[in-house]
$ cat start-v1.tsv   # TSV, C-alpha atoms
chain	number	residue	atom	x	y	z
A	1	MET	CA	-11.17	-26.53	6.93
A	2	ALA	CA	-12.62	-29.11	4.50
A	3	ARG	CA	-16.07	-27.50	4.68
A	4	ARG	CA	-14.61	-24.04	3.93
A	5	THR	CA	-12.62	-25.43	0.98
A	6	ALA	CA	-15.74	-27.08	-0.48
A	7	ALA	CA	-17.71	-23.84	-0.12
A	8	THR	CA	-14.92	-21.89	-1.84
A	9	ARG	CA	-14.83	-24.33	-4.77
A	10	HIS	CA	-18.58	-24.06	-5.13
A	11	GLU	CA	-18.42	-20.25	-5.07
A	12	ARG	CA	-15.69	-20.09	-7.74
A	13	ALA	CA	-17.59	-22.33	-10.15
A	14	SER	CA	-20.83	-20.51	-9.42
A	15	GLU	CA	-19.27	-17.10	-10.07
A	16	LEU	CA	-17.64	-18.23	-13.31
A	17	ALA	CA	-20.89	-19.77	-14.58
A	18	SER	CA	-22.89	-16.66	-13.67
A	19	HIS	CA	-20.46	-14.61	-15.80
A	20	GLY	CA	-21.12	-16.76	-18.86
A	21	ARG	CA	-18.22	-19.19	-18.51
A	22	THR	CA	-18.85	-22.86	-19.22
A	23	ILE	CA	-17.64	-25.30	-16.57
A	24	ILE	CA	-16.07	-28.38	-18.17
A	25	SER	CA	-15.12	-31.26	-15.91
A	26	ASP	CA	-15.42	-34.99	-15.55
A	27	GLY	CA	-18.11	-36.60	-13.46
A	28	ALA	CA	-16.04	-37.65	-10.46
A	29	TYR	CA	-16.97	-37.22	-6.83
A	30	GLY	CA	-15.67	-34.18	-4.95
A	31	ILE	CA	-14.43	-31.13	-6.82
A	32	ASP	CA	-15.93	-32.12	-10.18
A	33	GLU	CA	-19.34	-32.82	-8.66
A	34	SER	CA	-19.23	-29.52	-6.76
A	35	ALA	CA	-18.35	-27.56	-9.90
A	36	HIS	CA	-21.22	-29.10	-11.91
A	37	ARG	CA	-23.74	-28.52	-9.12
A	38	ALA	CA	-22.66	-24.89	-8.71
A	39	ALA	CA	-22.93	-24.25	-12.46
A	40	ILE	CA	-26.39	-25.83	-12.64
A	41	MET	CA	-27.63	-23.71	-9.74
A	42	SER	CA	-26.19	-20.38	-10.87
A	43	PHE	CA	-26.58	-20.56	-14.66
A	44	PRO	CA	-28.40	-23.61	-16.07
A	45	GLY	CA	-26.83	-24.99	-19.23
A	46	SER	CA	-23.35	-23.79	-18.34
A	47	THR	CA	-21.74	-27.15	-17.59
A	48	ILE	CA	-20.32	-30.03	-19.60
A	49	ALA	CA	-19.40	-33.42	-18.14
A	50	VAL	CA	-16.76	-35.29	-20.15
A	51	LEU	CA	-17.06	-39.02	-19.52
A	52	ALA	CA	-14.65	-41.94	-19.82
A	53	THR	CA	-17.41	-44.37	-20.77
A	54	GLY	CA	-20.12	-44.77	-23.35
A	55	LEU	CA	-23.08	-42.47	-22.73
A	56	ASP	CA	-25.18	-45.53	-21.88
A	57	ARG	CA	-22.82	-46.57	-19.04
A	58	LEU	CA	-22.53	-43.49	-16.87
A	59	TYR	CA	-19.69	-43.53	-14.35
A	60	PRO	CA	-19.61	-43.16	-11.45
A	61	THR	CA	-23.02	-44.79	-11.16
A	62	GLY	CA	-23.64	-42.85	-7.96
A	63	HIS	CA	-23.85	-39.69	-10.06
A	64	GLU	CA	-26.70	-40.75	-12.32
A	65	GLN	CA	-28.95	-38.08	-10.78
A	66	LEU	CA	-26.24	-35.43	-11.26
A	67	PHE	CA	-25.84	-36.41	-14.93
A	68	GLU	CA	-29.62	-36.26	-15.32
A	69	ARG	CA	-29.67	-32.76	-13.80
A	70	ILE	CA	-26.89	-31.63	-16.13
A	71	GLU	CA	-28.92	-32.77	-19.15
A	72	GLN	CA	-32.21	-31.35	-17.84
A	73	SER	CA	-30.60	-27.97	-17.17
A	74	GLY	CA	-29.37	-27.72	-20.76
A	75	GLY	CA	-25.81	-28.86	-20.08
A	76	LEU	CA	-24.05	-31.63	-21.96
A	77	LEU	CA	-22.70	-35.10	-21.35
A	78	VAL	CA	-19.86	-35.77	-23.78
A	79	SER	CA	-17.94	-38.94	-24.60
A	80	GLU	CA	-15.80	-40.06	-27.49
A	81	PHE	CA	-16.40	-43.72	-26.62
A	82	PRO	CA	-19.02	-45.93	-28.26
A	83	PRO	CA	-22.08	-47.19	-26.39
A	84	GLY	CA	-21.30	-50.02	-24.02
A	85	SER	CA	-17.77	-48.81	-23.23
A	86	ALA	CA	-16.87	-49.48	-19.60
A	87	PRO	CA	-14.49	-47.31	-17.55
A	88	THR	CA	-10.83	-48.36	-17.84
A	89	ARG	CA	-7.55	-46.68	-16.94
A	90	TRP	CA	-6.67	-45.83	-20.53
A	91	ARG	CA	-10.15	-44.42	-21.17
A	92	PHE	CA	-9.68	-42.05	-18.23
A	93	LEU	CA	-6.39	-40.91	-19.75
A	94	GLN	CA	-8.10	-40.44	-23.14
A	95	ARG	CA	-10.87	-38.50	-21.43
A	96	ASN	CA	-8.24	-36.25	-19.84
A	97	ARG	CA	-6.95	-35.36	-23.31
A	98	MET	CA	-10.46	-34.42	-24.34
A	99	LEU	CA	-10.97	-32.33	-21.16
A	100	ALA	CA	-7.80	-30.39	-21.94
A	101	ALA	CA	-8.75	-29.87	-25.58
A	102	LEU	CA	-12.27	-28.62	-24.86
A	103	SER	CA	-11.28	-26.15	-22.13
A	104	GLY	CA	-10.10	-22.61	-22.71
A	105	ALA	CA	-7.96	-23.03	-19.60
A	106	THR	CA	-7.35	-25.84	-17.12
A	107	VAL	CA	-7.66	-24.92	-13.45
A	108	VAL	CA	-6.37	-27.47	-10.93
A	109	VAL	CA	-8.10	-26.84	-7.60
A	110	GLU	CA	-6.67	-29.80	-5.68
A	111	ALA	CA	-4.16	-32.39	-6.79
A	112	GLY	CA	-2.27	-34.88	-4.74
A	113	HIS	CA	1.05	-36.32	-5.75
A	114	ARG	CA	-0.59	-38.94	-8.02
A	115	SER	CA	-3.67	-37.01	-9.09
A	116	GLY	CA	-5.18	-37.48	-12.53
A	117	SER	CA	-5.57	-33.69	-12.60
A	118	LEU	CA	-1.84	-33.47	-13.23
A	119	ASN	CA	-2.35	-35.53	-16.38
A	120	VAL	CA	-5.06	-33.11	-17.55
A	121	ALA	CA	-2.74	-30.16	-16.80
A	122	GLY	CA	0.09	-31.81	-18.75
A	123	GLN	CA	-2.23	-32.43	-21.71
A	124	ALA	CA	-3.46	-28.82	-21.63
A	125	HIS	CA	0.09	-27.50	-21.43
A	126	ALA	CA	1.14	-29.67	-24.39
A	127	LEU	CA	-1.79	-28.23	-26.39
A	128	GLY	CA	-0.72	-24.68	-25.59
A	129	ARG	CA	-3.69	-24.04	-23.33
A	130	PRO	CA	-3.23	-21.96	-20.17
A	131	VAL	CA	-2.94	-23.91	-16.93
A	132	ALA	CA	-3.68	-22.51	-13.49
A	133	ALA	CA	-3.56	-23.94	-9.99
A	134	VAL	CA	-5.05	-22.96	-6.66
A	135	PRO	CA	-2.46	-23.10	-3.89
A	136	GLY	CA	-3.30	-24.76	-0.60
A	137	PRO	CA	-1.62	-25.42	2.72
A	138	VAL	CA	1.98	-26.58	2.25
A	139	THR	CA	1.33	-29.39	4.71
A	140	SER	CA	-1.67	-30.73	2.77
A	141	PRO	CA	-1.04	-33.75	0.51
A	142	ALA	CA	-4.05	-32.59	-1.56
A	143	SER	CA	-2.11	-29.45	-2.52
A	144	ALA	CA	1.20	-31.08	-3.55
A	145	GLY	CA	0.31	-31.29	-7.23
A	146	CYS	CA	-0.93	-27.69	-7.37
A	147	HIS	CA	2.26	-26.47	-5.72
A	148	ARG	CA	4.37	-28.49	-8.15
A	149	LEU	CA	2.61	-26.99	-11.19
A	150	ILE	CA	3.12	-23.46	-9.83
A	151	GLN	CA	6.70	-24.15	-8.71
A	152	GLU	CA	7.72	-25.48	-12.12
A	153	GLY	CA	6.20	-22.47	-13.88
A	154	ILE	CA	3.59	-24.57	-15.70
A	155	ALA	CA	0.58	-23.07	-13.91
A	156	SER	CA	-0.38	-19.55	-13.02
A	157	LEU	CA	-1.46	-19.08	-9.44
A	158	VAL	CA	-5.17	-18.30	-9.16
A	159	ALA	CA	-7.03	-17.45	-5.98
A	160	ASP	CA	-10.51	-16.53	-7.18
A	161	ALA	CA	-12.87	-16.45	-10.14
A	162	GLN	CA	-11.53	-13.08	-11.29
A	163	ASP	CA	-8.03	-14.57	-11.61
A	164	VAL	CA	-9.47	-17.34	-13.82
A	165	THR	CA	-11.34	-14.79	-15.95
A	166	ASP	CA	-8.16	-12.73	-16.33
A	167	LEU	CA	-6.29	-15.88	-17.39
A	168	LEU	CA	-8.94	-16.73	-19.98
A	169	ASN	CA	-8.91	-13.18	-21.34
A	170	SER	CA	-5.12	-12.96	-21.48
A	171	THR	CA	-3.27	-13.61	-24.73
A	172	ALA	CA	0.17	-13.76	-23.11
A	173	CYS	CA	-0.51	-16.29	-20.38
A	174	PHE	CA	1.20	-19.33	-21.86
A	175	SER	CA	4.89	-19.99	-21.67
A	176	GLY	CA	5.63	-22.73	-24.18
A	177	ASP	CA	9.33	-22.86	-23.30
A	178	ARG	CA	8.69	-25.07	-20.28
A	179	THR	CA	7.91	-28.73	-20.50
A	180	PHE	CA	5.85	-30.72	-18.08
A	181	ALA	CA	5.74	-34.47	-17.85
A	182	TYR	CA	3.35	-36.10	-15.43
A	183	SER	CA	5.19	-38.63	-13.31
A	184	VAL	CA	3.71	-40.58	-10.43
A	185	THR	CA	7.19	-41.30	-9.11
A	186	ARG	CA	8.47	-37.71	-8.90
A	187	ARG	CA	8.55	-36.30	-5.40
A	188	PHE	CA	9.67	-32.96	-4.08
A	189	SER	CA	13.33	-33.22	-3.20
A	190	ARG	CA	13.99	-29.67	-2.05
A	191	THR	CA	14.72	-29.46	1.62
A	192	GLY	CA	16.14	-26.80	3.80
A	193	PRO	CA	16.05	-25.45	7.32
A	194	ASP	CA	12.61	-23.87	6.81
A	195	LEU	CA	11.04	-26.65	4.74
A	196	LYS	CA	9.57	-29.72	6.37
A	197	PHE	CA	7.72	-32.41	4.45

$ encode --input "start-v1.tsv" --output "structure tokens"
Amino acid sequence: MARRTAATRHERASELASHGRTIISDGAYGIDESAHRAAIMSFPGSTIAVLATGLDRLYPTGHEQLFERIEQSGGLLVSEFPPGSAPTRWRFLQRNRMLAALSGATVVVEAGHRSGSLNVAGQAHALGRPVAAVPGPVTSPASAGCHRLIQEGIASLVADAQDVTDLLNSTACFSGDRTFAYSVTRRFSRTGPDLKF
């Protein structure tokens, strides 16, 4: 299952990049790394990594080669922090604001209950940007945040790259009448005879 999910993520980012869309993400391991690699392979120059450090202190350090490949392919490394800035919790939150502001739409592929992706989605929603989420298995903790965004009407459900393209091309995709506040303490409280968590 995990291998299939990783391949699907890679394919979505690759398809979007090959259709002229720029992939904007942070430089974290997992989904972000996969998105950057897919964009580099399918359409060089179509990816931007937004960092929570100074450009001279790349983080995570294990991705130095990835960051190098992004630059060499014509992509960008972006940071609003001065040289020498180390990664801190508040810098990651600031970076999330920048991710939301730079993106035409925020797509949450996986998000656990306490995922930083929910903060990015909340920032994007507050800015009036469209938010989308990819649903996953209801029993998967890595899908809880995505399901919450969809359930609360904050995110549109997307299943493939065409759904994301449609969202980006739509002018009526944002519903500003709903509010979303990221909370690490909120848990799903709905239960019923058919729901088991």

$ atom_distance --input "start-v1.tsv" --atom1 "CA of Ser170 in chain A" --atom2 "CA of Val138 in chain A"
28.3 Å

$ residues_around --input "start-v1.tsv" --residues "Leu76 in chain A" --least-positions-apart "6" --cutoff "10 Å" --atoms "all atoms listed in the file" --output "PyMOL selection string"
chain A and resi 24+45-50+67-70

$ write_last_selection --input "start-v1.tsv" --atoms "C-alpha atoms" --output "PDB file, in the frame of the given file"
ATOM      1  CA  ILE A  24     -16.070 -28.380 -18.170  1.00  0.00           C
ATOM      2  CA  GLY A  45     -26.830 -24.990 -19.230  1.00  0.00           C
ATOM      3  CA  SER A  46     -23.350 -23.790 -18.340  1.00  0.00           C
ATOM      4  CA  THR A  47     -21.740 -27.150 -17.590  1.00  0.00           C
ATOM      5  CA  ILE A  48     -20.320 -30.030 -19.600  1.00  0.00           C
ATOM      6  CA  ALA A  49     -19.400 -33.420 -18.140  1.00  0.00           C
ATOM      7  CA  VAL A  50     -16.760 -35.290 -20.150  1.00  0.00           C
ATOM      8  CA  PHE A  67     -25.840 -36.410 -14.930  1.00  0.00           C
ATOM      9  CA  GLU A  68     -29.620 -36.260 -15.320  1.00  0.00           C
ATOM     10  CA  ARG A  69     -29.670 -32.760 -13.800  1.00  0.00           C
ATOM     11  CA  ILE A  70     -26.890 -31.630 -16.130  1.00  0.00           C
TER      12      ILE A  70
END

$ atom_distance --input "start-v1.tsv" --atom1 "CA of Ala38 in chain A" --atom2 "CA of Leu66 in chain A"
11.4 Å

$ residues_around --input "start-v1.tsv" --residues "Leu93 in chain A" --least-positions-apart "2" --cutoff "9 Å" --atoms "only C-alpha atoms" --output "list in words"
Ala52, Thr88, Arg89, Trp90, Arg91, Arg95, Asn96, Arg97, Met98, Gly116, Asn119 and Val120 of chain A

$ write_last_selection --input "start-v1.tsv" --atoms "C-alpha atoms" --output "PDB file, in the frame of the given file"
ATOM      1  CA  ALA A  52     -14.650 -41.940 -19.820  1.00  0.00           C
ATOM      2  CA  THR A  88     -10.830 -48.360 -17.840  1.00  0.00           C
ATOM      3  CA  ARG A  89      -7.550 -46.680 -16.940  1.00  0.00           C
ATOM      4  CA  TRP A  90      -6.670 -45.830 -20.530  1.00  0.00           C
ATOM      5  CA  ARG A  91     -10.150 -44.420 -21.170  1.00  0.00           C
ATOM      6  CA  ARG A  95     -10.870 -38.500 -21.430  1.00  0.00           C
ATOM      7  CA  ASN A  96      -8.240 -36.250 -19.840  1.00  0.00           C
ATOM      8  CA  ARG A  97      -6.950 -35.360 -23.310  1.00  0.00           C
ATOM      9  CA  MET A  98     -10.460 -34.420 -24.340  1.00  0.00           C
ATOM     10  CA  GLY A 116      -5.180 -37.480 -12.530  1.00  0.00           C
ATOM     11  CA  ASN A 119      -2.350 -35.530 -16.380  1.00  0.00           C
ATOM     12  CA  VAL A 120      -5.060 -33.110 -17.550  1.00  0.00           C
TER      13      VAL A 120
END

$ atom_distance --input "start-v1.tsv" --atom1 "CA of Ser34 in chain A" --atom2 "CA of Glu64 in chain A"
14.6 Å

$ closest_residue --input "start-v1.tsv" --among "A:Ser79, A:Ser73, A:Ser42, A:Thr106" --to "Leu58 in chain A" --atoms "all atoms listed in the file"
A:Ser79

$ closest_residue --input "start-v1.tsv" --among "A:His19, A:Thr139, A:Pro44, A:Gly128" --to "Ala155 in chain A" --atoms "all atoms listed in the file"
A:Gly128

$ residues_around --input "start-v1.tsv" --residues "Ala17 in chain A" --least-positions-apart "4" --cutoff "7 Å" --atoms "only C-alpha atoms" --output "list in words"
Ala13, Arg21, Thr22, Ile23, Ala39, Ser42, Phe43 and Ser46 of chain A

$ closest_residue --input "start-v1.tsv" --among "A:Gly20, A:Pro87, A:Gly30, A:Gly74" --to "Thr53 in chain A" --atoms "all atoms listed in the file"
A:Pro87

$ closest_residue --input "start-v1.tsv" --among "A:Val107, A:Leu55, A:Ala133, A:Cys146" --to "Pro83 in chain A" --atoms "only C-alpha atoms"
A:Leu55
